[in-house]
Structures are given as C-alpha cells and as structure tokens.
Amino acid sequence: MDLQSFIGEINAEQTDGTTVTVYRGHPNRSYTLKPTIFRTTAYAANEHLLLRDLVAMHPDQFAADTSALEMLVCMQHYSLPTRLLDATWNPLVALYFAAQSKKARKLRPGTKIRVSQEADGEVVRLVVDKKLVR
C-alpha cells in the first residue's frame with residue numbers, strides 16, 4: 001500500500017462520537033498486541049525488581065512521580081519491559097514505526113539455527129470507548 005492509499009483509508013474511517021481511535025505501528029506483522037512484560041514469564045515475575053533497580057540508579061527521575069502509571073512511563077523510557085503498550089493518536093506516527101526495518105528471527109526448519117529475514121510492518125487501529133480513556 002502506498003502513502004496516499006493509507007491516508008485515504010484513515011480519512012474514510014467513520015466514528016460515532018462515543019469512541020476514540022488510536023494506532024499502533026510495529027515493524028513485524030507477526031507481533032502480538034501484548035505488552036513486553038507479558039511476553040516472557042520471567043519479566044512479569046520480576047517487574048518489581050526491575051523498577052526497584054531503576055529507581056535506585058535514577059532516583060531523581062522518579063522523585064516527582066505520583067502514580068504507578070508515571071513510574072511505568074519512566075520505565076518504558078529506559079527501555080525496560082512494562083505492561084504498557086505504545087499507541088498514538090497520529091496514524092502517521094504509527095506508520096513510521098511500522099516502516100522501521102526489522103529482521104525477523106526464525107528457526108531454520110529441522111535445526112536449532114536462527115536465520116534472519118526481513119519482516120513486513122503493520123499499523124493496527126484500536127477503537128476504544130471514550131469512557132475508558134483517562
């Protein structure tokens with residue numbers, strides 16, 4: 001799909017006023033819409049340790065945080081796995097992330113050798129009830 005077609009599809013979207021639309025772009029269409037922390041059980045089991053260590057290394061960054069959400073945003077800024085899933089109001093920002101070059105790592109059939117191959121990106125449209133937006 002070219003950019004003009006992408007923009008045409010975005011402009012053709014209908015809304016009824018009770019929902020909002022956000023977009024997520026990722027460089028590999030085989031990704032699941034699952035926050036990083038839930039992709040591996042070891043991450044979820046040690047989330048509190050990741051946060052504790054990060055706060056110990058950067059206490060000034062967390063001094064003004066008043067909620068768990070603010071702490072999670074700061075964790076994500078430092079590239080730690082979190083329960084947050086990035087999304088944007090701007091479909092072009094999502095398209096940018098979907099267009100990033102990313103090589104998919106797959107096992108070669110019948111072996112334990114991983115091979116890299118180019119992966120296609122994806123933009124996902126998420127329609128959310130306005131009552132759920134904070």
# chains A, B, ... in the order shown; residues from 1 in each chain; ligands from 1
call {"tool": "closest_atom_pairs", "arguments": {"of": "region 18-115 of chain A", "to": "region 4-13 of chain A", "cutoff": "10 Å", "atoms": "only C-alpha atoms", "output": "JSON lines"}}
result
{"residue": "A:Thr21", "atom": "CA", "partner": "A:Glu13", "partner_atom": "CA", "distance": 9.5}
{"residue": "A:Pro91", "atom": "CA", "partner": "A:Ile10", "partner_atom": "CA", "distance": 7.6}
{"residue": "A:Leu92", "atom": "CA", "partner": "A:Ile7", "partner_atom": "CA", "distance": 8.4}
{"residue": "A:Leu95", "atom": "CA", "partner": "A:Phe6", "partner_atom": "CA", "distance": 9.0}
call {"tool": "select_by_dssp", "arguments": {"residues": "chain A", "states": "helix (DSSP H, G or I)", "output": "ChimeraX atom specification"}}
result
/A:3-12,36-38,41-45,47-57,59-62,68-77,91-98,130-132
call {"tool": "closest_residue", "arguments": {"among": "A:Leu49, A:Met57, A:Ala44, A:Glu118", "to": "Gln100 (chain A)", "atoms": "only C-alpha atoms"}}
result
A:Glu118
call {"tool": "residues_around", "arguments": {"residues": "Ala68 (chain A)", "least_positions_apart": "4", "cutoff": "12 Å", "atoms": "only C-alpha atoms", "output": "ChimeraX atom specification"}}
result
/A:48,51,62,64,72-75,82-84
call {"tool": "select_by_dssp", "arguments": {"residues": "chain A", "states": "strand (DSSP E)", "output": "list in words"}}
result
Thr19, Val20, Thr21, Val22, Tyr23, Arg24, Gly25, His26, Lys103, Ala104, Arg105, Lys106, Leu107, Arg114, Val115, Ser116, Gln117, Glu118, Glu122, Val123, Val124, Arg125, Leu126, Val127, Val128 and Asp129 of chain A
call {"tool": "atom_distance", "arguments": {"atom1": "CA of Leu80 (chain A)", "atom2": "CA of Tyr96 (chain A)"}}
result
21.7 Å
call {"tool": "closest_residue", "arguments": {"among": "A:Arg125, A:Leu50, A:Ser67, A:Ala56", "to": "Ile37 (chain A)", "atoms": "only C-alpha atoms"}}
result
A:Leu50
call {"tool": "atom_distance", "arguments": {"atom1": "CA of Leu85 (chain A)", "atom2": "CA of Val124 (chain A)"}}
result
12.1 Å
call {"tool": "closest_residue", "arguments": {"among": "A:Asn90, A:Arg24, A:Glu47, A:Ala63", "to": "Gln76 (chain A)", "atoms": "only C-alpha atoms"}}
result
A:Glu47
call {"tool": "decode", "arguments": {"residues": "region 75-93 of chain A", "atoms": "N, CA and C atoms", "output": "compact mmCIF listing (two decimals), in the first residue's frame"}}
result
# COMPACT_ATOMS: atom_id res chain seq x y z
N MET A 75 9.82 3.83 33.27
CA MET A 75 10.47 2.54 32.99
C MET A 75 10.55 2.31 31.49
N GLN A 76 9.47 2.62 30.80
CA GLN A 76 9.44 2.41 29.36
C GLN A 76 10.45 3.33 28.67
N HIS A 77 10.61 4.55 29.19
CA HIS A 77 11.58 5.49 28.64
C HIS A 77 12.99 4.89 28.70
N TYR A 78 13.27 4.12 29.74
CA TYR A 78 14.58 3.49 29.90
C TYR A 78 14.63 2.11 29.22
N SER A 79 13.66 1.80 28.38
CA SER A 79 13.60 0.56 27.59
C SER A 79 13.45 -0.70 28.42
N LEU A 80 12.90 -0.57 29.61
CA LEU A 80 12.60 -1.77 30.40
C LEU A 80 11.24 -2.32 29.97
N PRO A 81 11.04 -3.62 30.10
CA PRO A 81 9.74 -4.17 29.74
C PRO A 81 8.68 -3.69 30.73
N THR A 82 7.54 -3.26 30.20
CA THR A 82 6.44 -2.78 31.05
C THR A 82 5.13 -3.38 30.59
N ARG A 83 4.08 -3.09 31.35
CA ARG A 83 2.74 -3.53 30.99
C ARG A 83 2.05 -2.54 30.08
N LEU A 84 2.76 -1.50 29.65
CA LEU A 84 2.20 -0.50 28.74
C LEU A 84 2.41 -0.93 27.29
N LEU A 85 1.47 -0.57 26.45
CA LEU A 85 1.56 -0.83 25.02
C LEU A 85 1.50 0.52 24.32
N ASP A 86 2.56 0.87 23.61
CA ASP A 86 2.61 2.17 22.94
C ASP A 86 1.53 2.26 21.87
N ALA A 87 0.86 3.40 21.86
CA ALA A 87 -0.12 3.72 20.82
C ALA A 87 -0.07 5.22 20.62
N THR A 88 -0.62 5.69 19.52
CA THR A 88 -0.59 7.11 19.21
C THR A 88 -1.91 7.54 18.60
N TRP A 89 -2.23 8.82 18.77
CA TRP A 89 -3.41 9.39 18.12
C TRP A 89 -3.14 9.61 16.63
N ASN A 90 -1.87 9.70 16.26
CA ASN A 90 -1.49 10.06 14.90
C ASN A 90 -1.15 8.81 14.07
N PRO A 91 -1.95 8.51 13.05
CA PRO A 91 -1.68 7.31 12.25
C PRO A 91 -0.35 7.37 11.50
N LEU A 92 0.14 8.57 11.20
CA LEU A 92 1.42 8.69 10.51
C LEU A 92 2.59 8.32 11.42
N VAL A 93 2.45 8.57 12.71
CA VAL A 93 3.48 8.15 13.67
C VAL A 93 3.50 6.62 13.72
